[in-house]
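Let me begin by presenting the structure, written as structure tokens, before commenting on it.
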Amino acid sequence: MLRRRMGYADPSSGKDILGNRSLCFIFICAFGLVTLLQQILYGKNYIKSAQQFSRLKGDETGNWTGPVNFSDDGSLKPARNGRKRYLENYDGSYEYNSTACRELRQEIMDVKVLTMVKTSDLFERWRNLQVCRWEQNKEETSNFKMSLSRCCNAPSFLFTTKRNTPAGTKLRYEVDTSGILPITTEVFKMFPDDMPYSKSQYKKCAVIGNGGIIKNTKCGKEIDSADFVFRCNIPPINEKYSADVGTKTDLVTINPSIITERFQKLEKWRRPFYEVLQNYENSSVVLPAFYNTRNTDVSFRVKYMLDDFDSQRGVFFFHPQYLLNVQRFWAVQGVRAKRVSSGLMLVTAALEMCEEVHLYGFWAFPMNPSGIFITHHYYDNVKPRPGFHAMPHEIFNFIHMHTRGIINVHTGQCT
């Protein structure tokens, strides 16, 4: 009040001492300078890329109809930053070792962990890679199999056998580590003499997951042409689904929870379960009988039931130490969960039993790579118990292994 009556004025009121206007002017000048430098550099790279583009071989560019960028060295790159990178219309496939495919594979390998990118970006990189013909990388595959052999050794320890689990010894459970099962004469008689499979016994194997990604793929014939087919948890393979998933089955897992929930632990009528197994012809079945103490009795009942029906079907039990080793192996690869999925168990075993491994029906996202919603399973949309498996991390590892030429992951239609 006193200042107003005396006509007091702030001597700096009319000046902008490094105020908003000065800072704004400096920012505009800096922005203009950066933009000018970008234009100069872009112009040089554009001319250089155009010159090198004219020297690119026809087999690497002739079929490429999607939008592309060129790096400073003139190599082919799919367009980024909002421009569509998915190469929708291409004529044929690129060779595995072409420049384009090496760079598309590198785009996936650059994603070291799943949390590095948005799911949509991972999908896009995966879709782009589909223009490349898959080819097994012998060196990568051999090295991976050697690491599995040192850690897990499926040809010797996939199942409990009379050789690796002698009578009179004690078997420690996988999870209930305080629980110990004495290998009595009766238990010992249920084991096979030795492992029924050997190292790299089969040339081409197919491991079939139950994901909705396999619906409408028409992969049934391709799956049935494999030398050995693995399936998870007695899924339906009747006429309604066979065109997509095939019918051939050599080994199928059975989760004891299925027997408990659907077949009353086999404590009452057993024929309905026996008839379900008839869909898999002469395939062998394998159960995690020694995962915990609850699984043992119901798993043994499967063996008793098949013996009662005079079935010649092989019944095997996963060796608990093998499953522990598999769990530890994949934990190092970033798959940290209470338990690896049945599918990952089979893929791990297949990598030691087979020369070449193909995966169908493996996906862990509610949308397919094109962004279209899919059901969780190909036969229903029942979600798993949350937090038990780490499915997205399993699939992320499979995508990397496909990119490295170790396994072939099929997520599209079969021709």
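Residues in the structure tokens are numbered from 1 in each chain, the chains being A, B, ... in the order shown, and ligands are numbered from 1 in the order shown.
On the backbone of this structure, DSSP gives helix (DSSP H, G or I) within stretch 130-180 of chain A to Lys138, Glu139, Glu140, Thr141, Ser142, Asn143, Phe144, Lys145, Met146, Ser147, Leu148, Ser149, Arg150, Cys151, Ala154, Pro155, Ser156 and Phe157 of chain A.
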Write out as a tab-separated table the residues of stretch 116-212 of chain A that have any atom within 12 Å of an atom of stretch 371-380 of chain A, one row each with the nearest atom pair and its distance in Å to one decimal, counting only C-alpha atoms, sorted by chain and then rising number.
residue	atom	partner	partner_atom	distance
A:Thr119	CA	A:Gly371	CA	9.9
A:Ser120	CA	A:Gly371	CA	7.8
A:Asp121	CA	A:Gly371	CA	10.9
A:Leu122	CA	A:Gly371	CA	11.3
A:Phe123	CA	A:Gly371	CA	8.0
A:Glu124	CA	A:Gly371	CA	9.4
A:Trp126	CA	A:Gly371	CA	12.0
A:Arg127	CA	A:Gly371	CA	10.6
A:Ile208	CA	A:Tyr378	CA	11.3
A:Gly209	CA	A:His377	CA	8.8
A:Asn210	CA	A:His377	CA	5.3
A:Gly211	CA	A:His377	CA	4.3
A:Gly212	CA	A:Tyr378	CA	3.9
Can you tell me, as a PyMOL selection string, what residues are no more than 7 Å from stretch 128-135 of chain A when counting only C-alpha atoms, ignoring any on the same chain fewer than 5 positions away?
-> chain A and resi 86-87+93-96+101+104-105+405+408
Written file, previous selection with C-alpha atoms, as an mmCIF file, in the first residue's frame:
data_model
loop_
_atom_site.group_PDB
_atom_site.id
_atom_site.type_symbol
_atom_site.label_atom_id
_atom_site.label_comp_id
_atom_site.auth_asym_id
_atom_site.auth_seq_id
_atom_site.Cartn_x
_atom_site.Cartn_y
_atom_site.Cartn_z
ATOM 1 C CA TYR A 86 5.606 -55.859 -41.738
ATOM 2 C CA LEU A 87 6.411 -57.193 -45.193
ATOM 3 C CA SER A 93 11.048 -66.648 -49.083
ATOM 4 C CA TYR A 94 14.440 -65.121 -48.471
ATOM 5 C CA GLU A 95 17.433 -67.366 -48.036
ATOM 6 C CA TYR A 96 18.527 -67.898 -44.430
ATOM 7 C CA CYS A 101 17.488 -62.184 -43.101
ATOM 8 C CA LEU A 104 15.961 -59.320 -39.395
ATOM 9 C CA ARG A 105 17.389 -62.002 -37.110
ATOM 10 C CA GLY A 405 18.570 -71.822 -35.965
ATOM 11 C CA ASN A 408 11.791 -74.117 -35.827
#
Skip A:His319 itself and residues of its chain fewer than 2 positions away, then list as an MDAnalysis selection string all residues within 7 Å of it, counting only C-alpha atoms.
-> chainID A and resid 157:160 317 321:323
Print the selection's residues with N, CA, C and O atoms to a file, as a tab-separated table (two decimals), in the first residue's frame.
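Result file is part_39.tsv:
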chain	number	residue	atom	x	y	z
A	157	PHE	N	18.39	-90.01	-18.14
A	157	PHE	CA	17.66	-89.68	-16.92
A	157	PHE	C	16.30	-89.05	-17.14
A	157	PHE	O	15.70	-88.56	-16.20
A	158	LEU	N	15.76	-89.08	-18.36
A	158	LEU	CA	14.44	-88.50	-18.58
A	158	LEU	C	13.38	-89.21	-17.74
A	158	LEU	O	12.53	-88.58	-17.11
A	159	PHE	N	13.43	-90.55	-17.73
A	159	PHE	CA	12.48	-91.35	-16.96
A	159	PHE	C	13.21	-92.10	-15.85
A	159	PHE	O	14.43	-92.34	-15.93
A	160	THR	N	12.47	-92.47	-14.81
A	160	THR	CA	13.03	-93.39	-13.83
A	160	THR	C	13.08	-94.79	-14.44
A	160	THR	O	12.10	-95.25	-15.03
A	317	PHE	N	7.58	-92.60	-15.84
A	317	PHE	CA	7.53	-91.54	-14.84
A	317	PHE	C	8.78	-90.68	-14.97
A	317	PHE	O	9.90	-91.20	-15.00
A	321	GLN	N	15.07	-85.87	-10.54
A	321	GLN	CA	16.33	-85.12	-10.66
A	321	GLN	C	16.46	-84.50	-12.05
A	321	GLN	O	17.00	-83.39	-12.19
A	322	TYR	N	15.97	-85.20	-13.06
A	322	TYR	CA	15.98	-84.62	-14.41
A	322	TYR	C	15.16	-83.34	-14.45
A	322	TYR	O	15.60	-82.32	-14.99
A	323	LEU	N	13.96	-83.37	-13.87
A	323	LEU	CA	13.10	-82.18	-13.89
A	323	LEU	C	13.71	-81.04	-13.08
A	323	LEU	O	13.59	-79.88	-13.46
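Distances here use only C-alpha atoms; by that measure, the residue among A:Ala226, A:Ile237, A:Val207, A:Val175 closest to A:Phe290 is A:Val175.
The nearest approach to A:Gln312 among the residues A:Phe398, A:Gly412, A:Ser284, A:Leu181, with only C-alpha atoms taken into account, belongs to A:Ser284.
Across the model, the gap from atom CA of A:Pro320 to atom CA of A:Lys199 is 19.8 Å.
What separates atom CA of A:Glu140 from atom CA of A:Ile406 is a distance of 6.3 Å.
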Would you mind listing what lies within 8 Å of A:Met353 as a list of chain:residue names, with only C-alpha atoms counted and same-chain residues fewer than 5 positions away left out?
-> A:Ala154, A:Pro155, A:Tyr197, A:Ser198, A:Lys199, A:Ser200, A:Gln201, A:Tyr202
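Of the residues under consideration (A:Leu171, A:Ile254, A:Val276, A:Cys152), A:Ile254 shows the shortest atom-to-atom contact distance to A:Val315 when counting only C-alpha atoms.
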For A:Lys204, please output as a PyMOL selection string all residues within 9 Å (counting only C-alpha atoms; exclusion window: fewer than 4 positions along the same chain).
-> chain A and resi 225-228+354-358
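Residues of stretch 91-193 of chain A carrying a DSSP assignment of strand (DSSP E or B), computed from the backbone, are Tyr94, Cys132, Phe159, Lys170, Leu171, Arg172, Ile180, Leu181 and Pro182 of chain A.
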Can I get the selection written as an mmCIF file, in the first residue's frame, with all heavy atoms?
data_model
loop_
_atom_site.group_PDB
_atom_site.id
_atom_site.type_symbol
_atom_site.label_atom_id
_atom_site.label_comp_id
_atom_site.auth_asym_id
_atom_site.auth_seq_id
_atom_site.Cartn_x
_atom_site.Cartn_y
_atom_site.Cartn_z
ATOM 1 N N TYR A 94 13.042 -65.502 -48.390
ATOM 2 C CA TYR A 94 14.440 -65.121 -48.471
ATOM 3 C C TYR A 94 15.314 -66.251 -47.956
ATOM 4 O O TYR A 94 14.928 -66.992 -47.052
ATOM 5 C CB TYR A 94 14.700 -63.864 -47.638
ATOM 6 C CG TYR A 94 14.154 -62.621 -48.268
ATOM 7 C CD1 TYR A 94 12.869 -62.202 -47.970
ATOM 8 C CD2 TYR A 94 14.902 -61.879 -49.161
ATOM 9 C CE1 TYR A 94 12.342 -61.075 -48.558
ATOM 10 C CE2 TYR A 94 14.385 -60.756 -49.759
ATOM 11 C CZ TYR A 94 13.106 -60.346 -49.455
ATOM 12 O OH TYR A 94 12.587 -59.228 -50.039
ATOM 13 N N CYS A 132 11.740 -65.074 -44.038
ATOM 14 C CA CYS A 132 13.002 -65.807 -44.173
ATOM 15 C C CYS A 132 12.781 -67.303 -44.014
ATOM 16 O O CYS A 132 12.122 -67.740 -43.074
ATOM 17 C CB CYS A 132 14.004 -65.326 -43.127
ATOM 18 S SG CYS A 132 14.409 -63.569 -43.267
ATOM 19 N N PHE A 159 13.427 -90.547 -17.730
ATOM 20 C CA PHE A 159 12.479 -91.352 -16.961
ATOM 21 C C PHE A 159 13.215 -92.097 -15.845
ATOM 22 O O PHE A 159 14.429 -92.341 -15.932
ATOM 23 C CB PHE A 159 11.779 -92.391 -17.843
ATOM 24 C CG PHE A 159 11.102 -91.835 -19.061
ATOM 25 C CD1 PHE A 159 11.065 -92.578 -20.249
ATOM 26 C CD2 PHE A 159 10.490 -90.585 -19.049
ATOM 27 C CE1 PHE A 159 10.443 -92.076 -21.389
ATOM 28 C CE2 PHE A 159 9.868 -90.073 -20.177
ATOM 29 C CZ PHE A 159 9.851 -90.819 -21.357
ATOM 30 N N LYS A 170 16.567 -94.995 -2.337
ATOM 31 C CA LYS A 170 15.511 -94.049 -1.967
ATOM 32 C C LYS A 170 15.506 -92.902 -2.960
ATOM 33 O O LYS A 170 16.555 -92.361 -3.304
ATOM 34 C CB LYS A 170 15.743 -93.536 -0.550
ATOM 35 C CG LYS A 170 15.632 -94.622 0.509
ATOM 36 C CD LYS A 170 15.853 -94.076 1.907
ATOM 37 C CE LYS A 170 15.723 -95.192 2.954
ATOM 38 N NZ LYS A 170 15.940 -94.675 4.331
ATOM 39 N N LEU A 171 14.306 -92.542 -3.411
ATOM 40 C CA LEU A 171 14.142 -91.501 -4.426
ATOM 41 C C LEU A 171 13.603 -90.238 -3.758
ATOM 42 O O LEU A 171 12.573 -90.269 -3.088
ATOM 43 C CB LEU A 171 13.176 -91.980 -5.510
ATOM 44 C CG LEU A 171 13.055 -91.128 -6.769
ATOM 45 C CD1 LEU A 171 14.368 -91.156 -7.545
ATOM 46 C CD2 LEU A 171 11.927 -91.650 -7.661
ATOM 47 N N ARG A 172 14.318 -89.140 -3.965
ATOM 48 C CA ARG A 172 13.896 -87.874 -3.378
ATOM 49 C C ARG A 172 12.960 -87.151 -4.341
ATOM 50 O O ARG A 172 13.210 -87.096 -5.542
ATOM 51 C CB ARG A 172 15.109 -86.997 -3.079
ATOM 52 C CG ARG A 172 14.780 -85.774 -2.216
ATOM 53 C CD ARG A 172 16.035 -84.996 -1.885
ATOM 54 N NE ARG A 172 16.956 -85.783 -1.068
ATOM 55 C CZ ARG A 172 16.874 -85.892 0.255
ATOM 56 N NH1 ARG A 172 15.890 -85.286 0.906
ATOM 57 N NH2 ARG A 172 17.756 -86.613 0.916
ATOM 58 N N ILE A 180 10.755 -88.778 0.823
ATOM 59 C CA ILE A 180 11.613 -89.781 0.192
ATOM 60 C C ILE A 180 10.784 -91.042 -0.052
ATOM 61 O O ILE A 180 10.047 -91.499 0.822
ATOM 62 C CB ILE A 180 12.828 -90.105 1.093
ATOM 63 C CG1 ILE A 180 13.738 -88.880 1.191
ATOM 64 C CG2 ILE A 180 13.606 -91.299 0.542
ATOM 65 C CD1 ILE A 180 14.917 -89.072 2.122
ATOM 66 N N LEU A 181 10.900 -91.569 -1.277
ATOM 67 C CA LEU A 181 10.160 -92.786 -1.629
ATOM 68 C C LEU A 181 11.115 -93.973 -1.666
ATOM 69 O O LEU A 181 12.024 -94.014 -2.498
ATOM 70 C CB LEU A 181 9.494 -92.614 -3.000
ATOM 71 C CG LEU A 181 8.726 -93.836 -3.501
ATOM 72 C CD1 LEU A 181 7.421 -94.005 -2.714
ATOM 73 C CD2 LEU A 181 8.419 -93.716 -4.991
ATOM 74 N N PRO A 182 10.919 -94.941 -0.808
ATOM 75 C CA PRO A 182 11.739 -96.170 -0.884
ATOM 76 C C PRO A 182 11.378 -96.951 -2.148
ATOM 77 O O PRO A 182 10.203 -97.156 -2.451
ATOM 78 C CB PRO A 182 11.347 -96.943 0.376
ATOM 79 C CG PRO A 182 10.660 -95.952 1.270
ATOM 80 C CD PRO A 182 10.004 -94.964 0.354
#
Env of A:Cys232: 10 Å cut, atoms = only C-alpha atoms, seq-sep filter 3 positions within chain, self excluded. Answer as a PDB file with all heavy atoms, in the first residue's frame.
ATOM      1  N   VAL A 207       6.938 -81.113 -31.574  1.00  0.00           N
ATOM      2  CA  VAL A 207       6.396 -80.962 -30.226  1.00  0.00           C
ATOM      3  C   VAL A 207       5.167 -80.072 -30.349  1.00  0.00           C
ATOM      4  O   VAL A 207       5.262 -78.941 -30.846  1.00  0.00           O
ATOM      5  CB  VAL A 207       7.421 -80.341 -29.259  1.00  0.00           C
ATOM      6  CG1 VAL A 207       6.863 -80.331 -27.838  1.00  0.00           C
ATOM      7  CG2 VAL A 207       8.743 -81.090 -29.315  1.00  0.00           C
ATOM      8  N   ILE A 208       4.019 -80.573 -29.915  1.00  0.00           N
ATOM      9  CA  ILE A 208       2.759 -79.874 -30.132  1.00  0.00           C
ATOM     10  C   ILE A 208       2.275 -79.257 -28.822  1.00  0.00           C
ATOM     11  O   ILE A 208       1.944 -79.960 -27.873  1.00  0.00           O
ATOM     12  CB  ILE A 208       1.671 -80.823 -30.687  1.00  0.00           C
ATOM     13  CG1 ILE A 208       2.257 -81.748 -31.770  1.00  0.00           C
ATOM     14  CG2 ILE A 208       0.494 -80.014 -31.213  1.00  0.00           C
ATOM     15  CD1 ILE A 208       2.942 -81.026 -32.908  1.00  0.00           C
ATOM     16  N   GLY A 209       2.245 -77.927 -28.789  1.00  0.00           N
ATOM     17  CA  GLY A 209       1.630 -77.231 -27.673  1.00  0.00           C
ATOM     18  C   GLY A 209       0.132 -77.130 -27.898  1.00  0.00           C
ATOM     19  O   GLY A 209      -0.374 -77.413 -28.995  1.00  0.00           O
ATOM     20  N   ASN A 210      -0.577 -76.702 -26.885  1.00  0.00           N
ATOM     21  CA  ASN A 210      -2.042 -76.657 -26.975  1.00  0.00           C
ATOM     22  C   ASN A 210      -2.577 -75.249 -27.174  1.00  0.00           C
ATOM     23  O   ASN A 210      -3.768 -75.001 -26.975  1.00  0.00           O
ATOM     24  CB  ASN A 210      -2.652 -77.266 -25.701  1.00  0.00           C
ATOM     25  CG  ASN A 210      -2.305 -78.730 -25.550  1.00  0.00           C
ATOM     26  OD1 ASN A 210      -2.078 -79.426 -26.539  1.00  0.00           O
ATOM     27  ND2 ASN A 210      -2.238 -79.208 -24.317  1.00  0.00           N
ATOM     28  N   PRO A 235      -4.454 -83.817 -24.995  1.00  0.00           N
ATOM     29  CA  PRO A 235      -5.377 -82.876 -25.634  1.00  0.00           C
ATOM     30  C   PRO A 235      -6.260 -83.585 -26.649  1.00  0.00           C
ATOM     31  O   PRO A 235      -5.916 -84.685 -27.118  1.00  0.00           O
ATOM     32  CB  PRO A 235      -4.437 -81.900 -26.331  1.00  0.00           C
ATOM     33  CG  PRO A 235      -3.283 -82.761 -26.727  1.00  0.00           C
ATOM     34  CD  PRO A 235      -3.120 -83.761 -25.605  1.00  0.00           C
ATOM     35  N   LEU A 251       4.491 -89.860 -27.794  1.00  0.00           N
ATOM     36  CA  LEU A 251       4.623 -89.690 -26.355  1.00  0.00           C
ATOM     37  C   LEU A 251       3.716 -88.536 -25.926  1.00  0.00           C
ATOM     38  O   LEU A 251       3.752 -87.451 -26.515  1.00  0.00           O
ATOM     39  CB  LEU A 251       6.076 -89.375 -25.978  1.00  0.00           C
ATOM     40  CG  LEU A 251       6.377 -89.218 -24.480  1.00  0.00           C
ATOM     41  CD1 LEU A 251       6.196 -90.556 -23.756  1.00  0.00           C
ATOM     42  CD2 LEU A 251       7.785 -88.685 -24.251  1.00  0.00           C
ATOM     43  N   VAL A 252       2.899 -88.777 -24.896  1.00  0.00           N
ATOM     44  CA  VAL A 252       1.990 -87.737 -24.408  1.00  0.00           C
ATOM     45  C   VAL A 252       2.115 -87.652 -22.893  1.00  0.00           C
ATOM     46  O   VAL A 252       2.168 -88.675 -22.200  1.00  0.00           O
ATOM     47  CB  VAL A 252       0.524 -88.008 -24.842  1.00  0.00           C
ATOM     48  CG1 VAL A 252       0.017 -89.328 -24.302  1.00  0.00           C
ATOM     49  CG2 VAL A 252      -0.390 -86.863 -24.423  1.00  0.00           C
ATOM     50  N   THR A 253       2.196 -86.433 -22.379  1.00  0.00           N
ATOM     51  CA  THR A 253       2.252 -86.250 -20.929  1.00  0.00           C
ATOM     52  C   THR A 253       0.839 -86.275 -20.357  1.00  0.00           C
ATOM     53  O   THR A 253      -0.138 -85.972 -21.040  1.00  0.00           O
ATOM     54  CB  THR A 253       2.915 -84.913 -20.556  1.00  0.00           C
ATOM     55  OG1 THR A 253       2.105 -83.829 -21.025  1.00  0.00           O
ATOM     56  CG2 THR A 253       4.312 -84.795 -21.137  1.00  0.00           C
ATOM     57  N   ILE A 254       0.748 -86.632 -19.083  1.00  0.00           N
ATOM     58  CA  ILE A 254      -0.521 -86.567 -18.358  1.00  0.00           C
ATOM     59  C   ILE A 254      -0.252 -85.900 -17.011  1.00  0.00           C
ATOM     60  O   ILE A 254       0.516 -86.433 -16.190  1.00  0.00           O
ATOM     61  CB  ILE A 254      -1.143 -87.959 -18.118  1.00  0.00           C
ATOM     62  CG1 ILE A 254      -1.307 -88.715 -19.440  1.00  0.00           C
ATOM     63  CG2 ILE A 254      -2.490 -87.826 -17.420  1.00  0.00           C
ATOM     64  CD1 ILE A 254      -1.834 -90.136 -19.265  1.00  0.00           C
ATOM     65  N   ASN A 255      -0.832 -84.764 -16.791  1.00  0.00           N
ATOM     66  CA  ASN A 255      -0.723 -84.115 -15.488  1.00  0.00           C
ATOM     67  C   ASN A 255      -1.662 -84.829 -14.519  1.00  0.00           C
ATOM     68  O   ASN A 255      -2.847 -84.979 -14.805  1.00  0.00           O
ATOM     69  CB  ASN A 255      -1.104 -82.633 -15.622  1.00  0.00           C
ATOM     70  CG  ASN A 255      -0.742 -81.836 -14.398  1.00  0.00           C
ATOM     71  OD1 ASN A 255      -0.872 -82.304 -13.271  1.00  0.00           O
ATOM     72  ND2 ASN A 255      -0.280 -80.613 -14.609  1.00  0.00           N
ATOM     73  N   VAL A 285       2.822 -92.976 -22.456  1.00  0.00           N
ATOM     74  CA  VAL A 285       2.408 -91.861 -21.607  1.00  0.00           C
ATOM     75  C   VAL A 285       3.475 -91.656 -20.540  1.00  0.00           C
ATOM     76  O   VAL A 285       4.159 -92.598 -20.127  1.00  0.00           O
ATOM     77  CB  VAL A 285       1.030 -92.107 -20.953  1.00  0.00           C
ATOM     78  CG1 VAL A 285      -0.047 -92.264 -22.006  1.00  0.00           C
ATOM     79  CG2 VAL A 285       1.058 -93.314 -20.025  1.00  0.00           C
ATOM     80  N   VAL A 286       3.620 -90.393 -20.116  1.00  0.00           N
ATOM     81  CA  VAL A 286       4.601 -90.076 -19.082  1.00  0.00           C
ATOM     82  C   VAL A 286       3.956 -89.141 -18.072  1.00  0.00           C
ATOM     83  O   VAL A 286       3.236 -88.210 -18.437  1.00  0.00           O
ATOM     84  CB  VAL A 286       5.893 -89.468 -19.687  1.00  0.00           C
ATOM     85  CG1 VAL A 286       5.600 -88.247 -20.538  1.00  0.00           C
ATOM     86  CG2 VAL A 286       6.900 -89.127 -18.592  1.00  0.00           C
ATOM     87  N   SER A 341       6.712 -75.398 -17.790  1.00  0.00           N
ATOM     88  CA  SER A 341       5.518 -76.037 -18.339  1.00  0.00           C
ATOM     89  C   SER A 341       5.847 -77.431 -18.882  1.00  0.00           C
ATOM     90  O   SER A 341       7.009 -77.756 -19.157  1.00  0.00           O
ATOM     91  CB  SER A 341       4.932 -75.180 -19.457  1.00  0.00           C
ATOM     92  OG  SER A 341       5.793 -75.193 -20.592  1.00  0.00           O
ATOM     93  N   SER A 342       4.801 -78.228 -19.048  1.00  0.00           N
ATOM     94  CA  SER A 342       4.982 -79.559 -19.658  1.00  0.00           C
ATOM     95  C   SER A 342       5.570 -79.426 -21.051  1.00  0.00           C
ATOM     96  O   SER A 342       6.391 -80.252 -21.481  1.00  0.00           O
ATOM     97  CB  SER A 342       3.639 -80.298 -19.723  1.00  0.00           C
ATOM     98  OG  SER A 342       3.087 -80.486 -18.450  1.00  0.00           O
ATOM     99  N   GLY A 343       5.138 -78.394 -21.778  1.00  0.00           N
ATOM    100  CA  GLY A 343       5.658 -78.180 -23.122  1.00  0.00           C
ATOM    101  C   GLY A 343       7.150 -77.943 -23.127  1.00  0.00           C
ATOM    102  O   GLY A 343       7.885 -78.493 -23.965  1.00  0.00           O
ATOM    103  N   LEU A 344       7.635 -77.128 -22.193  1.00  0.00           N
ATOM    104  CA  LEU A 344       9.074 -76.854 -22.134  1.00  0.00           C
ATOM    105  C   LEU A 344       9.846 -78.109 -21.735  1.00  0.00           C
ATOM    106  O   LEU A 344      10.953 -78.348 -22.226  1.00  0.00           O
ATOM    107  CB  LEU A 344       9.348 -75.714 -21.155  1.00  0.00           C
ATOM    108  CG  LEU A 344      10.800 -75.255 -21.034  1.00  0.00           C
ATOM    109  CD1 LEU A 344      11.387 -74.925 -22.398  1.00  0.00           C
ATOM    110  CD2 LEU A 344      10.917 -74.058 -20.100  1.00  0.00           C
ATOM    111  N   MET A 345       9.276 -78.925 -20.871  1.00  0.00           N
ATOM    112  CA  MET A 345       9.918 -80.208 -20.526  1.00  0.00           C
ATOM    113  C   MET A 345      10.124 -81.052 -21.778  1.00  0.00           C
ATOM    114  O   MET A 345      11.199 -81.627 -21.999  1.00  0.00           O
ATOM    115  CB  MET A 345       9.061 -80.985 -19.530  1.00  0.00           C
ATOM    116  CG  MET A 345       8.930 -80.375 -18.161  1.00  0.00           C
ATOM    117  SD  MET A 345       7.782 -81.373 -17.161  1.00  0.00           S
ATOM    118  CE  MET A 345       7.431 -80.235 -15.821  1.00  0.00           C
ATOM    119  N   LEU A 346       9.069 -81.128 -22.604  1.00  0.00           N
ATOM    120  CA  LEU A 346       9.147 -81.970 -23.807  1.00  0.00           C
ATOM    121  C   LEU A 346      10.103 -81.385 -24.836  1.00  0.00           C
ATOM    122  O   LEU A 346      10.829 -82.132 -25.505  1.00  0.00           O
ATOM    123  CB  LEU A 346       7.756 -82.145 -24.406  1.00  0.00           C
ATOM    124  CG  LEU A 346       6.768 -82.973 -23.579  1.00  0.00           C
ATOM    125  CD1 LEU A 346       5.426 -83.093 -24.305  1.00  0.00           C
ATOM    126  CD2 LEU A 346       7.335 -84.361 -23.271  1.00  0.00           C
TER     127      LEU A 346
END
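For the atom pair formed by atom CA of A:Glu222 and atom CA of A:Ala206, the distance is 9.1 Å, given to one decimal.
Each of A:Met146, A:Phe316, A:Ser257, A:Asn233 was compared to A:Asn292 using only C-alpha atoms, and A:Ser257 turns out to be the nearest.
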Which of these, A:Val113, A:Lys303, A:Lys240, A:Arg125, has the shortest distance to A:Pro192 once you count only C-alpha atoms?
-> A:Lys303
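Across A:Asn137, A:Gln333, A:Asn295, A:Lys338, the tightest approach to A:Lys112 is made by A:Gln333 when counting only C-alpha atoms.
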